[in-house]
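**Student:** Just one file: data17.cif, with mmCIF, C-alpha atoms.
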data_protein
loop_
_atom_site.label_atom_id
_atom_site.label_comp_id
_atom_site.auth_asym_id
_atom_site.auth_seq_id
_atom_site.Cartn_x
_atom_site.Cartn_y
_atom_site.Cartn_z
CA MET Z 1 0.00 0.00 0.00
CA GLN Z 2 1.38 3.41 -0.99
CA THR Z 3 1.55 6.00 1.79
CA THR Z 4 2.14 9.75 1.73
CA PHE Z 5 3.42 10.61 5.18
CA THR Z 6 5.67 13.66 5.21
CA PRO Z 7 9.28 13.52 6.47
CA GLU Z 8 8.14 15.62 9.42
CA GLN Z 9 5.40 13.13 10.31
CA LEU Z 10 7.83 10.21 10.08
CA LYS Z 11 10.02 11.76 12.76
CA ASP Z 12 7.41 10.46 15.20
CA PRO Z 13 8.46 6.83 15.98
CA LYS Z 14 4.87 5.61 16.29
CA THR Z 15 3.90 7.10 12.92
CA ALA Z 16 7.03 5.65 11.33
CA ARG Z 17 6.16 2.18 12.61
CA SER Z 18 2.55 2.48 11.43
CA ASN Z 19 3.82 3.59 8.03
CA LYS Z 20 5.79 0.34 7.73
CA VAL Z 21 2.72 -1.68 8.70
CA LEU Z 22 0.55 0.10 6.12
CA ARG Z 23 3.13 -0.41 3.36
CA ASN Z 24 3.00 -4.18 3.92
CA CYS Z 25 -0.72 -4.32 3.09
CA VAL Z 26 -1.46 -5.40 -0.50
CA HIS Z 27 -5.29 -5.04 -0.40
CA CYS Z 28 -5.74 -8.80 -0.98
CA GLY Z 29 -8.78 -9.07 1.29
CA PHE Z 30 -7.87 -12.47 2.75
CA CYS Z 31 -8.50 -10.90 6.17
CA THR Z 32 -12.20 -10.40 5.46
CA ALA Z 33 -12.82 -14.15 5.38
CA THR Z 34 -11.77 -14.60 9.02
CA CYS Z 35 -12.88 -11.29 10.54
CA PRO Z 36 -15.76 -11.90 12.99
CA THR Z 37 -17.24 -8.41 12.70
CA TYR Z 38 -17.24 -8.57 8.91
CA GLN Z 39 -18.90 -11.99 9.09
CA VAL Z 40 -21.62 -10.59 11.36
CA LEU Z 41 -22.11 -7.10 9.86
CA GLY Z 42 -21.08 -7.56 6.22
CA ASP Z 43 -19.65 -4.03 6.05
CA GLU Z 44 -16.25 -3.55 4.39
CA LEU Z 45 -15.43 -0.87 6.96
CA ASP Z 46 -15.91 -3.49 9.67
CA SER Z 47 -13.17 -5.63 8.17
CA PRO Z 48 -9.42 -5.20 8.79
CA ARG Z 49 -8.92 -3.96 5.23
CA GLY Z 50 -11.64 -1.34 5.64
CA ARG Z 51 -10.30 -0.20 8.99
CA ILE Z 52 -6.79 0.04 7.55
CA TYR Z 53 -8.06 2.49 4.93
CA LEU Z 54 -9.80 4.58 7.59
CA ILE Z 55 -6.74 4.59 9.86
CA LYS Z 56 -4.38 5.43 7.00
CA ASP Z 57 -6.49 8.41 5.97
CA MET Z 58 -6.77 9.64 9.56
CA LEU Z 59 -3.05 9.36 10.35
CA GLU Z 60 -1.72 10.64 7.02
CA ASN Z 61 -3.85 13.78 7.13
CA ASN Z 62 -3.56 14.35 10.86
CA ARG Z 63 -7.32 14.25 10.64
CA LYS Z 64 -9.42 14.75 13.72
CA PRO Z 65 -11.26 11.45 14.24
CA ASP Z 66 -14.92 11.60 13.33
CA GLU Z 67 -17.85 9.46 14.45
CA LYS Z 68 -17.54 7.15 11.44
CA VAL Z 69 -13.89 6.27 12.04
CA VAL Z 70 -14.39 5.84 15.77
CA LYS Z 71 -17.42 3.59 15.29
CA HIS Z 72 -15.59 1.14 13.04
CA VAL Z 73 -12.35 1.12 15.03
CA ASP Z 74 -14.32 0.60 18.26
CA ARG Z 75 -16.07 -2.38 16.68
CA CYS Z 76 -12.75 -4.18 16.17
CA LEU Z 77 -12.37 -7.08 18.63
CA SER Z 78 -8.57 -7.22 18.31
CA CYS Z 79 -9.03 -10.97 17.88
CA LEU Z 80 -6.11 -10.84 15.41
CA ALA Z 81 -7.51 -13.58 13.18
CA CYS Z 82 -6.56 -11.26 10.32
CA MET Z 83 -2.89 -11.55 11.27
CA THR Z 84 -3.05 -15.33 11.11
CA THR Z 85 -4.64 -15.13 7.65
CA CYS Z 86 -2.57 -12.28 6.18
CA PRO Z 87 -0.01 -13.52 3.60
CA SER Z 88 1.91 -10.22 3.77
CA GLY Z 89 2.68 -10.12 7.48
CA VAL Z 90 0.70 -6.95 8.22
CA ASN Z 91 0.96 -6.26 11.96
CA TYR Z 92 -2.61 -5.09 12.33
CA MET Z 93 -2.36 -5.28 16.14
CA HIS Z 94 0.19 -2.48 16.33
CA LEU Z 95 -1.67 -0.38 13.78
CA VAL Z 96 -5.07 -0.54 15.48
CA ASP Z 97 -3.48 0.09 18.89
CA HIS Z 98 -1.86 3.25 17.47
CA ALA Z 99 -5.23 4.30 16.05
CA ARG Z 100 -6.94 3.80 19.40
CA GLU Z 101 -4.35 5.94 21.14
CA TYR Z 102 -4.75 8.64 18.48
CA ILE Z 103 -8.54 8.54 18.87
CA GLU Z 104 -8.30 8.72 22.67
CA GLU Z 105 -6.13 11.83 22.40
CA ASN Z 106 -8.05 13.61 19.65
CA TYR Z 107 -11.73 12.62 19.82
CA ASN Z 108 -14.32 13.95 22.24
CA ARG Z 109 -16.66 11.04 22.89
CA PRO Z 110 -20.26 11.52 24.05
CA LEU Z 111 -20.50 12.01 27.80
CA PHE Z 112 -22.01 8.57 28.51
CA ASP Z 113 -19.22 6.80 26.59
CA ARG Z 114 -16.52 8.84 28.33
CA VAL Z 115 -17.92 8.03 31.74
CA MET Z 116 -18.35 4.34 30.93
CA ARG Z 117 -14.83 3.92 29.56
CA ALA Z 118 -13.29 5.86 32.45
CA THR Z 119 -15.24 3.76 34.95
CA LEU Z 120 -14.12 0.47 33.39
CA ALA Z 121 -10.52 1.69 33.27
CA GLN Z 122 -10.61 2.57 36.96
CA ILE Z 123 -12.31 -0.64 38.12
CA LEU Z 124 -11.43 -3.71 36.04
CA PRO Z 125 -7.63 -3.65 36.53
CA TYR Z 126 -7.95 -3.44 40.32
CA GLU Z 127 -9.08 -6.58 42.12
CA LYS Z 128 -10.60 -4.95 45.21
CA ARG Z 129 -12.49 -2.31 43.22
CA PHE Z 130 -13.66 -4.99 40.80
CA ARG Z 131 -14.95 -7.18 43.63
CA PHE Z 132 -16.86 -4.23 45.08
CA ALA Z 133 -18.33 -3.43 41.66
CA MET Z 134 -19.41 -7.05 41.15
CA ARG Z 135 -21.12 -7.16 44.54
CA SER Z 136 -22.90 -3.90 43.76
CA ALA Z 137 -24.00 -5.28 40.39
CA GLN Z 138 -25.41 -8.38 42.09
CA LEU Z 139 -27.66 -6.13 44.19
CA MET Z 140 -28.80 -4.21 41.12
CA LYS Z 141 -29.73 -7.25 39.01
CA PRO Z 142 -33.49 -7.03 39.76
CA LEU Z 143 -33.47 -3.60 38.08
CA ALA Z 144 -31.53 -4.77 35.01
CA PRO Z 145 -34.58 -5.08 32.66
CA VAL Z 146 -35.29 -1.33 32.86
CA MET Z 147 -31.68 -0.21 32.48
CA PRO Z 148 -30.06 1.14 29.26
CA ALA Z 149 -28.53 -1.68 27.20
CA LYS Z 150 -24.88 -1.04 28.02
CA ILE Z 151 -25.47 -0.62 31.74
CA ARG Z 152 -27.77 -3.65 31.77
CA ASN Z 153 -25.06 -5.73 30.14
CA MET Z 154 -22.52 -4.65 32.75
CA VAL Z 155 -24.89 -5.57 35.59
CA GLU Z 156 -25.78 -8.93 34.06
CA PHE Z 157 -22.05 -9.69 33.62
CA ALA Z 158 -21.69 -10.08 37.38
CA PRO Z 159 -21.59 -13.76 38.41
CA ALA Z 160 -24.10 -15.04 40.94
CA LYS Z 161 -21.29 -15.82 43.37
CA LEU Z 162 -17.76 -14.49 43.81
CA PRO Z 163 -15.01 -16.68 45.30
CA VAL Z 164 -13.23 -15.54 48.43
CA PRO Z 165 -9.74 -14.15 47.75
CA SER Z 166 -7.04 -16.80 47.50
CA LEU Z 167 -4.04 -16.55 49.82
CA ASN Z 168 -1.96 -17.99 46.98
CA ASP Z 169 -2.29 -14.70 45.08
CA LYS Z 170 -0.28 -12.80 47.68
CA PRO Z 171 3.47 -12.19 47.07
CA GLN Z 172 5.39 -15.30 48.17
CA VAL Z 173 7.52 -18.21 46.97
CA PHE Z 174 6.20 -21.75 46.54
CA PRO Z 175 8.97 -24.39 46.58
CA ALA Z 176 9.13 -27.07 43.91
CA GLU Z 177 8.07 -30.58 44.83
CA GLY Z 178 11.18 -32.71 44.59
CA LYS Z 179 14.14 -31.50 42.53
CA ARG Z 180 13.85 -27.94 41.28
CA ILE Z 181 13.94 -27.82 37.48
CA LYS Z 182 12.83 -24.23 36.88
CA ARG Z 183 12.28 -21.04 38.81
CA VAL Z 184 9.27 -19.17 37.40
CA ALA Z 185 7.16 -16.15 38.25
CA LEU Z 186 3.39 -16.51 38.01
CA MET Z 187 1.39 -13.54 36.80
CA THR Z 188 -1.70 -13.62 39.00
CA GLY Z 189 -3.47 -10.85 37.06
CA CYS Z 190 -6.31 -8.60 38.19
CA ALA Z 191 -9.92 -9.44 37.22
CA GLN Z 192 -9.16 -13.17 37.22
CA LYS Z 193 -8.27 -13.04 40.92
CA ALA Z 194 -11.78 -11.76 41.63
CA LEU Z 195 -13.71 -13.96 39.20
CA ASP Z 196 -12.05 -17.38 39.46
CA THR Z 197 -9.39 -18.17 42.06
CA ASP Z 198 -9.30 -21.84 41.03
CA ILE Z 199 -7.15 -21.01 37.99
CA ASN Z 200 -4.11 -19.63 39.80
CA ASP Z 201 -4.42 -22.24 42.55
CA ALA Z 202 -4.38 -25.06 39.98
CA THR Z 203 -1.50 -23.46 38.08
CA ILE Z 204 0.67 -23.27 41.20
CA ARG Z 205 -0.05 -26.92 42.09
CA LEU Z 206 0.68 -28.09 38.55
CA LEU Z 207 3.95 -26.18 38.25
CA ARG Z 208 5.22 -27.27 41.68
CA ARG Z 209 4.35 -30.89 40.92
CA HIS Z 210 6.47 -30.66 37.78
CA GLY Z 211 9.57 -29.27 39.48
CA CYS Z 212 9.01 -25.51 39.41
CA GLU Z 213 9.68 -23.05 42.17
CA VAL Z 214 6.86 -20.54 41.74
CA VAL Z 215 7.26 -16.88 42.66
CA VAL Z 216 4.39 -14.42 43.04
CA ALA Z 217 6.40 -11.23 42.72
CA ASN Z 218 5.78 -8.28 45.01
CA GLY Z 219 4.39 -5.32 43.05
CA ALA Z 220 3.17 -7.23 39.99
CA GLY Z 221 -0.47 -6.84 38.97
CA CYS Z 222 -2.55 -5.92 35.93
CA CYS Z 223 -0.68 -6.35 32.63
CA GLY Z 224 -2.18 -3.16 31.19
CA ALA Z 225 -4.10 -4.86 28.36
CA LEU Z 226 -7.56 -3.56 29.24
CA THR Z 227 -6.54 0.10 29.22
CA HIS Z 228 -4.05 -0.41 26.38
CA HIS Z 229 -6.88 -1.49 24.07
CA MET Z 230 -8.89 1.58 25.11
CA GLY Z 231 -6.07 3.79 23.88
CA LYS Z 232 -5.30 4.92 27.43
CA THR Z 233 -1.54 4.61 26.97
CA LYS Z 234 -0.42 6.48 30.08
CA GLN Z 235 -2.48 4.23 32.36
CA SER Z 236 -1.62 0.99 30.55
CA HIS Z 237 2.11 1.78 30.57
CA ALA Z 238 1.97 2.59 34.28
CA SER Z 239 0.51 -0.88 34.98
CA ALA Z 240 3.01 -2.57 32.69
CA ALA Z 241 5.95 -0.69 34.21
CA LYS Z 242 5.05 -2.00 37.69
CA ASN Z 243 5.24 -5.54 36.34
CA ILE Z 244 8.53 -4.90 34.60
CA HIS Z 245 10.09 -3.54 37.80
CA ALA Z 246 8.65 -6.38 39.92
CA TRP Z 247 9.82 -9.16 37.61
CA MET Z 248 13.20 -7.61 36.89
CA ALA Z 249 13.83 -7.60 40.64
CA GLU Z 250 13.41 -11.40 40.50
CA VAL Z 251 15.52 -11.69 37.35
CA ASN Z 252 18.34 -9.75 39.00
CA GLY Z 253 17.87 -11.63 42.27
CA ASP Z 254 17.62 -15.42 42.16
CA GLY Z 255 16.80 -15.41 38.44
CA LEU Z 256 13.79 -16.54 36.42
CA ASP Z 257 13.46 -19.17 33.72
CA ALA Z 258 10.03 -17.91 32.68
CA ILE Z 259 7.14 -15.64 33.56
CA VAL Z 260 4.11 -17.93 33.43
CA ILE Z 261 0.82 -16.44 32.27
CA ASN Z 262 -2.47 -18.36 32.38
CA THR Z 263 -4.69 -15.68 30.85
CA SER Z 264 -3.88 -15.54 27.16
CA GLY Z 265 -5.14 -11.98 26.71
CA CYS Z 266 -2.54 -10.86 29.24
CA GLY Z 267 0.10 -13.07 27.65
CA THR Z 268 -0.28 -11.41 24.26
CA THR Z 269 0.23 -8.01 25.85
CA VAL Z 270 3.19 -8.95 28.07
CA LYS Z 271 4.93 -10.55 25.09
CA ASP Z 272 4.51 -7.18 23.35
CA TYR Z 273 6.11 -5.11 26.13
CA GLY Z 274 9.23 -4.67 23.99
CA HIS Z 275 7.18 -2.90 21.33
CA MET Z 276 5.08 -0.95 23.82
CA PHE Z 277 8.18 0.49 25.50
CA ALA Z 278 10.33 0.83 22.38
CA ASP Z 279 10.68 4.61 22.90
CA ASP Z 280 10.96 4.47 26.69
CA ALA Z 281 13.83 4.30 29.15
CA LEU Z 282 12.47 0.86 30.14
CA ALA Z 283 12.96 -0.50 26.61
CA SER Z 284 15.76 -2.91 27.52
CA ASP Z 285 14.08 -4.33 30.62
CA ALA Z 286 10.74 -4.53 28.79
CA SER Z 287 12.35 -6.66 26.08
CA VAL Z 288 13.83 -8.98 28.70
CA ILE Z 289 10.42 -9.46 30.33
CA ALA Z 290 8.71 -9.97 26.96
CA GLY Z 291 11.24 -12.68 26.14
CA LEU Z 292 10.61 -14.50 29.42
CA ALA Z 293 6.80 -14.43 29.12
CA LYS Z 294 5.30 -17.86 28.41
CA ASP Z 295 1.80 -19.20 28.31
CA ILE Z 296 1.29 -22.01 30.82
CA SER Z 297 0.84 -24.46 27.93
CA GLU Z 298 4.29 -23.56 26.54
CA VAL Z 299 5.90 -24.21 29.92
CA MET Z 300 4.11 -27.52 30.39
CA ILE Z 301 5.06 -28.74 26.91
CA ASP Z 302 8.67 -27.96 27.78
CA LEU Z 303 8.47 -29.72 31.16
CA GLY Z 304 6.54 -32.74 29.88
CA LEU Z 305 3.35 -33.90 31.55
CA LYS Z 306 3.70 -36.46 34.34
CA GLU Z 307 1.85 -39.76 34.14
CA SER Z 308 -1.84 -39.09 34.47
CA LYS Z 309 -5.07 -40.95 35.08
CA VAL Z 310 -8.51 -39.43 34.55
CA PRO Z 311 -12.01 -40.65 33.73
CA ASP Z 312 -12.92 -40.84 30.07
CA MET Z 313 -14.21 -37.34 29.39
CA ARG Z 314 -15.16 -35.46 26.25
CA VAL Z 315 -13.46 -32.06 26.38
CA ALA Z 316 -14.48 -29.37 23.90
CA TYR Z 317 -11.46 -27.12 23.49
CA HIS Z 318 -12.17 -23.44 22.87
CA ALA Z 319 -9.16 -21.72 21.30
CA ALA Z 320 -8.94 -18.20 22.71
CA CYS Z 321 -8.11 -15.66 19.99
CA SER Z 322 -5.31 -14.14 22.03
CA LEU Z 323 -3.68 -17.58 22.25
CA GLN Z 324 -4.15 -18.94 18.73
CA HIS Z 325 -3.83 -15.63 16.85
CA GLY Z 326 -2.08 -13.27 19.25
CA GLN Z 327 0.58 -15.77 20.37
CA GLN Z 328 0.26 -18.32 17.57
CA ILE Z 329 -0.12 -21.15 20.10
CA LYS Z 330 -2.51 -23.58 18.48
CA THR Z 331 -1.60 -27.16 19.37
CA HIS Z 332 -0.01 -27.11 22.84
CA PRO Z 333 -3.22 -27.10 24.93
CA LYS Z 334 -4.79 -29.84 22.81
CA THR Z 335 -1.61 -31.93 22.93
CA LEU Z 336 -1.48 -31.66 26.72
CA LEU Z 337 -5.14 -32.58 27.13
CA LYS Z 338 -4.74 -35.60 24.87
CA THR Z 339 -1.59 -36.66 26.72
CA ALA Z 340 -3.56 -36.45 29.96
CA GLY Z 341 -6.09 -38.91 28.53
CA PHE Z 342 -8.98 -36.64 27.62
CA THR Z 343 -10.93 -36.95 24.37
CA VAL Z 344 -10.48 -33.55 22.74
CA LEU Z 345 -13.15 -32.05 20.48
CA GLU Z 346 -13.02 -28.83 18.45
CA PRO Z 347 -15.92 -26.70 17.15
CA LYS Z 348 -16.12 -26.08 13.41
CA ASP Z 349 -15.61 -22.32 13.88
CA SER Z 350 -12.59 -22.66 16.17
CA HIS Z 351 -10.79 -19.77 14.44
CA LEU Z 352 -13.56 -17.26 15.25
CA CYS Z 353 -13.96 -15.11 18.36
CA CYS Z 354 -16.51 -15.80 21.11
CA GLY Z 355 -17.15 -12.06 21.47
CA SER Z 356 -15.57 -11.51 24.88
CA ALA Z 357 -12.39 -9.64 23.84
CA GLY Z 358 -11.51 -7.86 27.07
CA THR Z 359 -14.10 -5.12 27.59
CA TYR Z 360 -15.73 -5.66 24.18
CA ASN Z 361 -18.69 -7.61 25.57
CA LEU Z 362 -19.42 -4.64 27.84
CA MET Z 363 -18.96 -1.87 25.28
CA GLN Z 364 -20.33 -3.62 22.19
CA PRO Z 365 -22.98 -5.94 23.71
CA GLU Z 366 -25.04 -6.46 20.54
CA ILE Z 367 -22.19 -7.70 18.34
CA SER Z 368 -20.66 -9.60 21.24
CA GLY Z 369 -23.98 -11.31 21.88
CA GLN Z 370 -24.26 -12.49 18.28
CA LEU Z 371 -20.75 -13.93 18.37
CA LYS Z 372 -21.41 -15.62 21.71
CA GLU Z 373 -24.60 -17.22 20.40
CA ARG Z 374 -22.77 -18.67 17.41
CA LYS Z 375 -19.84 -19.93 19.48
CA VAL Z 376 -22.07 -21.55 22.12
CA LYS Z 377 -24.11 -23.27 19.41
CA THR Z 378 -21.04 -24.88 17.82
CA LEU Z 379 -19.61 -25.95 21.18
CA ASP Z 380 -22.90 -27.39 22.40
CA ALA Z 381 -23.25 -29.39 19.18
CA LEU Z 382 -20.19 -31.41 20.24
CA THR Z 383 -22.07 -32.71 23.32
CA PRO Z 384 -19.01 -32.35 25.56
CA ASP Z 385 -18.73 -33.22 29.25
CA VAL Z 386 -16.70 -30.07 29.84
CA ILE Z 387 -15.40 -27.08 27.89
CA SER Z 388 -11.76 -26.08 28.26
CA ALA Z 389 -10.26 -22.65 27.51
CA GLY Z 390 -7.13 -20.67 28.32
CA ASN Z 391 -8.58 -17.22 28.97
CA ILE Z 392 -10.86 -16.02 31.77
CA GLY Z 393 -12.79 -13.66 29.47
CA CYS Z 394 -13.74 -16.49 27.12
CA MET Z 395 -14.67 -18.68 30.07
CA MET Z 396 -17.05 -16.05 31.46
CA GLN Z 397 -18.54 -15.29 28.04
CA ILE Z 398 -19.24 -18.91 27.08
CA GLY Z 399 -20.16 -20.01 30.60
CA SER Z 400 -22.92 -17.40 30.79
CA ALA Z 401 -24.87 -19.07 27.99
CA ILE Z 402 -24.22 -22.80 28.10
CA GLY Z 403 -25.19 -25.59 30.46
CA VAL Z 404 -21.81 -27.34 30.30
CA PRO Z 405 -19.06 -26.60 32.86
CA VAL Z 406 -16.35 -24.29 31.51
CA VAL Z 407 -12.94 -24.65 33.13
CA HIS Z 408 -9.40 -23.53 32.43
CA THR Z 409 -7.20 -26.06 30.66
CA VAL Z 410 -4.77 -25.94 33.58
CA GLU Z 411 -7.49 -27.14 35.97
CA LEU Z 412 -7.93 -30.32 33.93
CA LEU Z 413 -4.16 -30.88 33.71
CA ASP Z 414 -3.80 -30.37 37.46
CA TRP Z 415 -6.59 -32.88 38.11
CA ALA Z 416 -5.11 -35.41 35.70
CA THR Z 417 -1.70 -35.31 37.36
CA GLY Z 418 -2.80 -35.65 40.97
CA GLY Z 419 -4.67 -32.48 41.87
CA PRO Z 420 -8.30 -32.16 42.97
CA MET Z 421 -11.24 -32.37 40.59
CA PRO Z 422 -12.08 -28.87 39.29
CA PRO Z 423 -14.80 -27.50 41.60
CA LYS Z 424 -17.10 -26.74 38.67
CA LEU Z 425 -17.06 -30.43 37.75
CA ALA Z 426 -17.44 -31.52 41.36
CA ASN Z 427 -20.43 -29.22 41.82
CA ARG Z 428 -22.02 -30.62 38.68
CA SER Z 429 -21.47 -34.19 39.89
CA VAL Z 430 -23.20 -33.40 43.18
CA ALA Z 431 -26.08 -31.74 41.34
CA ALA Z 432 -26.44 -34.74 39.04
CA GLU Z 433 -26.69 -37.10 41.99
#
As structure tokens, please, write out the structure in this file.

**Tutor:**
Amino acid sequence: MQTTFTPEQLKDPKTARSNKVLRNCVHCGFCTATCPTYQVLGDELDSPRGRIYLIKDMLENNRKPDEKVVKHVDRCLSCLACMTTCPSGVNYMHLVDHAREYIEENYNRPLFDRVMRATLAQILPYEKRFRFAMRSAQLMKPLAPVMPAKIRNMVEFAPAKLPVPSLNDKPQVFPAEGKRIKRVALMTGCAQKALDTDINDATIRLLRRHGCEVVVANGAGCCGALTHHMGKTKQSHASAAKNIHAWMAEVNGDGLDAIVINTSGCGTTVKDYGHMFADDALASDASVIAGLAKDISEVMIDLGLKESKVPDMRVAYHAACSLQHGQQIKTHPKTLLKTAGFTVLEPKDSHLCCGSAGTYNLMQPEISGQLKERKVKTLDALTPDVISAGNIGCMMQIGSAIGVPVVHTVELLDWATGGPMPPKLANRSVAAE
């Protein structure tokens, strides 16, 4: 794609990088075939190719974002299926993130949208605030039918029950069982600690059982993804910087072999810290952290799964977009589940998004709902005993509309290698009796 940025514009590092991304695009349109929003809406401007044209025009002309551009960029899920499909290697992720930052700095959103986005940015990345918000939403649920659509969706998002905080999420060191093979830091996250404490607990047990000393680093928290995808760069970089400092303290102390991440949306962002901080004094440390970041499935493939014994169960594997497209990890979770003895099933639309996408299901409830309905239908058609996924957002999205237990892949691997049955399965067994 030909671009016309001026030499003065290209002095800005972010514009220069976006220029390179744009020049890689050859207008082939392969991306439209795998774009969820294009599949649902059928509008060229709701495809990656259409958004690229809008972003190019906006950036080249230093154009103030208008309602049309903002609408179509906001509708992007950042599922990154287009990057998997693209034959030209267009880094759409970096381009759309630049566009979101530009929009955040130059567009005056309607008051309701500004308040909603600011509220989400100040609540979701903070576990205690998020817990308080979820409890408040539980009390408001009887009023949900008369609420505006976006507020209603936020209230209905709240689960019926929140787990008590897990002591395992506090800064500490868990020794390996037997000989220590690796020393790893576990990213405990933010919203996940409020919504599902079983995931981190199972991850720690699994890693220790396989010879890992597990560190929960003091000062580490939200990865910054939620605010990063809102274009709120200052806030997202502040969260990311805390992680970089916390994990570098461990690197420079007793050392780390990996930073283990069990929420794939976070993993995609942490692995991109080097790019995010390319123009910052933290660039070197950010690149070190990005290089150490590993999804839990990558670490377990490297360690090798211990001998396992589980009941014969049909597991429908949901491939989170941030894992299969953002990190290009497609086979590891399925390989591990099969090695553990589970029968693994895949839906026919496994490459398409479930509609969760961070805060997308809260800010774009109509499109998200259509994607969820389609995903649930294809998963349910497999008649599984349980659904497995590697991202808390997907688990919440799918679990809200299906009668089959939805658990994290690590919970099944922990169970198979000597850990307890995942509580969601145990609860279902009791109910069935």

**Student:** Which is closer to Asn61 of chain Z than all the others in Z:Ser356, Z:Ala290, Z:Arg131, Z:Gln9, using all atoms listed in the file?

**Tutor:**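 Of all the options, Z:Gln9 lies closest to Asn61 of chain Z.
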
**Student:** Give me the residues near Asp285 of chain Z as a list in words, where near means some atom within 9 Å (using only C-alpha atoms) and where sequence neighbours in that chain fewer than 4 positions away do not count.

**Tutor:**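 Listed by chain and then number, they are Ile244, His245, Met248, Gly274, Ala281, Ile289 and Ala290 of chain Z.
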
**Student:** Of the residues Z:Ser236, Z:Gln370, Z:Thr339, Z:Thr378, which is the one nearest to Leu41 of chain Z, using all atoms listed in the file?

**Tutor:**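 Looking at the shortest contact to Leu41 of chain Z, the residue is Z:Gln370.
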
**Student:** Using only C-alpha atoms, determine which residues lie at most 12 Å from Val215 of chain Z, disregarding the query and same-chain residues fewer than 4 positions distant; provide the list as a PyMOL selection string.

**Tutor:** chain Z and resi 168-176+182-188+203-204+207-208+219-220+246-247+249-251+253-260

**Student:** Show me, as an mmCIF file with C-alpha atoms, in the frame of the given file, the residues that have an atom within 7 Å of segment 3-5 of chain Z when counting only C-alpha atoms, minus same-chain residues fewer than 3 positions from it.

**Tutor:**
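Contents of the output file part_18.cif:
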data_model
loop_
_atom_site.group_PDB
_atom_site.id
_atom_site.type_symbol
_atom_site.label_atom_id
_atom_site.label_comp_id
_atom_site.auth_asym_id
_atom_site.auth_seq_id
_atom_site.Cartn_x
_atom_site.Cartn_y
_atom_site.Cartn_z
ATOM 1 C CA GLN Z 9 5.400 13.130 10.310
ATOM 2 C CA LEU Z 10 7.830 10.210 10.080
ATOM 3 C CA ARG Z 23 3.130 -0.410 3.360
ATOM 4 C CA GLU Z 60 -1.720 10.640 7.020
#

**Student:** Could you pull out every residue with an atom within 12 Å of (-25.5, -15.2, 39.9), file coordinates, counting only C-alpha atoms, and send them as an mmCIF file with C-alpha atoms, keeping the file's coordinate frame?

**Tutor:**
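To be explicit, this is the file written out as result_17.cif:
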data_model
loop_
_atom_site.group_PDB
_atom_site.id
_atom_site.type_symbol
_atom_site.label_atom_id
_atom_site.label_comp_id
_atom_site.auth_asym_id
_atom_site.auth_seq_id
_atom_site.Cartn_x
_atom_site.Cartn_y
_atom_site.Cartn_z
ATOM 1 C CA MET Z 134 -19.410 -7.050 41.150
ATOM 2 C CA ARG Z 135 -21.120 -7.160 44.540
ATOM 3 C CA ALA Z 137 -24.000 -5.280 40.390
ATOM 4 C CA GLN Z 138 -25.410 -8.380 42.090
ATOM 5 C CA LEU Z 139 -27.660 -6.130 44.190
ATOM 6 C CA MET Z 140 -28.800 -4.210 41.120
ATOM 7 C CA LYS Z 141 -29.730 -7.250 39.010
ATOM 8 C CA PRO Z 142 -33.490 -7.030 39.760
ATOM 9 C CA VAL Z 155 -24.890 -5.570 35.590
ATOM 10 C CA GLU Z 156 -25.780 -8.930 34.060
ATOM 11 C CA PHE Z 157 -22.050 -9.690 33.620
ATOM 12 C CA ALA Z 158 -21.690 -10.080 37.380
ATOM 13 C CA PRO Z 159 -21.590 -13.760 38.410
ATOM 14 C CA ALA Z 160 -24.100 -15.040 40.940
ATOM 15 C CA LYS Z 161 -21.290 -15.820 43.370
ATOM 16 C CA LEU Z 162 -17.760 -14.490 43.810
ATOM 17 C CA PRO Z 163 -15.010 -16.680 45.300
ATOM 18 C CA LEU Z 195 -13.710 -13.960 39.200
ATOM 19 C CA MET Z 396 -17.050 -16.050 31.460
ATOM 20 C CA GLY Z 399 -20.160 -20.010 30.600
ATOM 21 C CA SER Z 400 -22.920 -17.400 30.790
#

**Student:** Applying the PyMOL selection byres ((chain Z and resi 348) around 10) to the file I just gave you, which residues come out? Please list them as an MDAnalysis selection string.

**Tutor:** chainID Z and resid 345:347 349:352 375 378:379 381:382

**Student:** List the residues matched by the PyMOL selection byres ((chain Z and resi 410) around 9) in the displayed structure as a list of chain:residue names, ordered by chain and then by residue number.

**Tutor:** Z:Ile199, Z:Asn200, Z:Ala202, Z:Thr203, Z:Leu206, Z:Asn262, Z:Ile296, Z:Ser297, Z:Pro333, Z:Ser388, Z:Ala389, Z:Gly390, Z:Val407, Z:His408, Z:Thr409, Z:Glu411, Z:Leu412, Z:Leu413, Z:Asp414, Z:Trp415

**Student:** Taking the file as shown, what set of residues would the PyMOL selection byres ((chain Z and resi 77-93) around 6) give back, as a list in words?

**Tutor:**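 For this structure, the PyMOL selection byres ((chain Z and resi 77-93) around 6) resolves to Val21, Asn24, Cys25, Cys31, Cys76, His94, Leu95, Val96, Cys321, His325 and Ala357 of chain Z.
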
**Student:** What does the distance from atom CA of Gly189 of chain Z to atom CA of Gln397 of chain Z come to in Å, to one decimal?

**Tutor:**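 Those two atoms sit 18.1 Å apart.
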
**Student:** What gap, in Å, lies between atom CA of Glu213 of chain Z and atom CA of Gly418 of chain Z?

**Tutor:**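 Straight-line distance from atom CA of Glu213 of chain Z to atom CA of Gly418 of chain Z works out to 17.8 Å.
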
**Student:** Which residues are near Gly231 of chain Z? Cut-off 9 Å, only C-alpha atoms, ignore same chain within fewer than 2 positions. Put them as JSON, numbers by chain.

**Tutor:** {"Z": [97, 98, 99, 100, 101, 102, 103, 104, 105, 227, 228, 229, 233, 234, 236]}

**Student:** Go through Z:Leu303, Z:Ile367, Z:Ala144, Z:Ala118 one by one, measure the shortest atom-to-atom distance of each to Arg209 of chain Z using all atoms listed in the file, and give the residue with the smallest value.

**Tutor:**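 So, comparing all the options, the nearest one is Z:Leu303.
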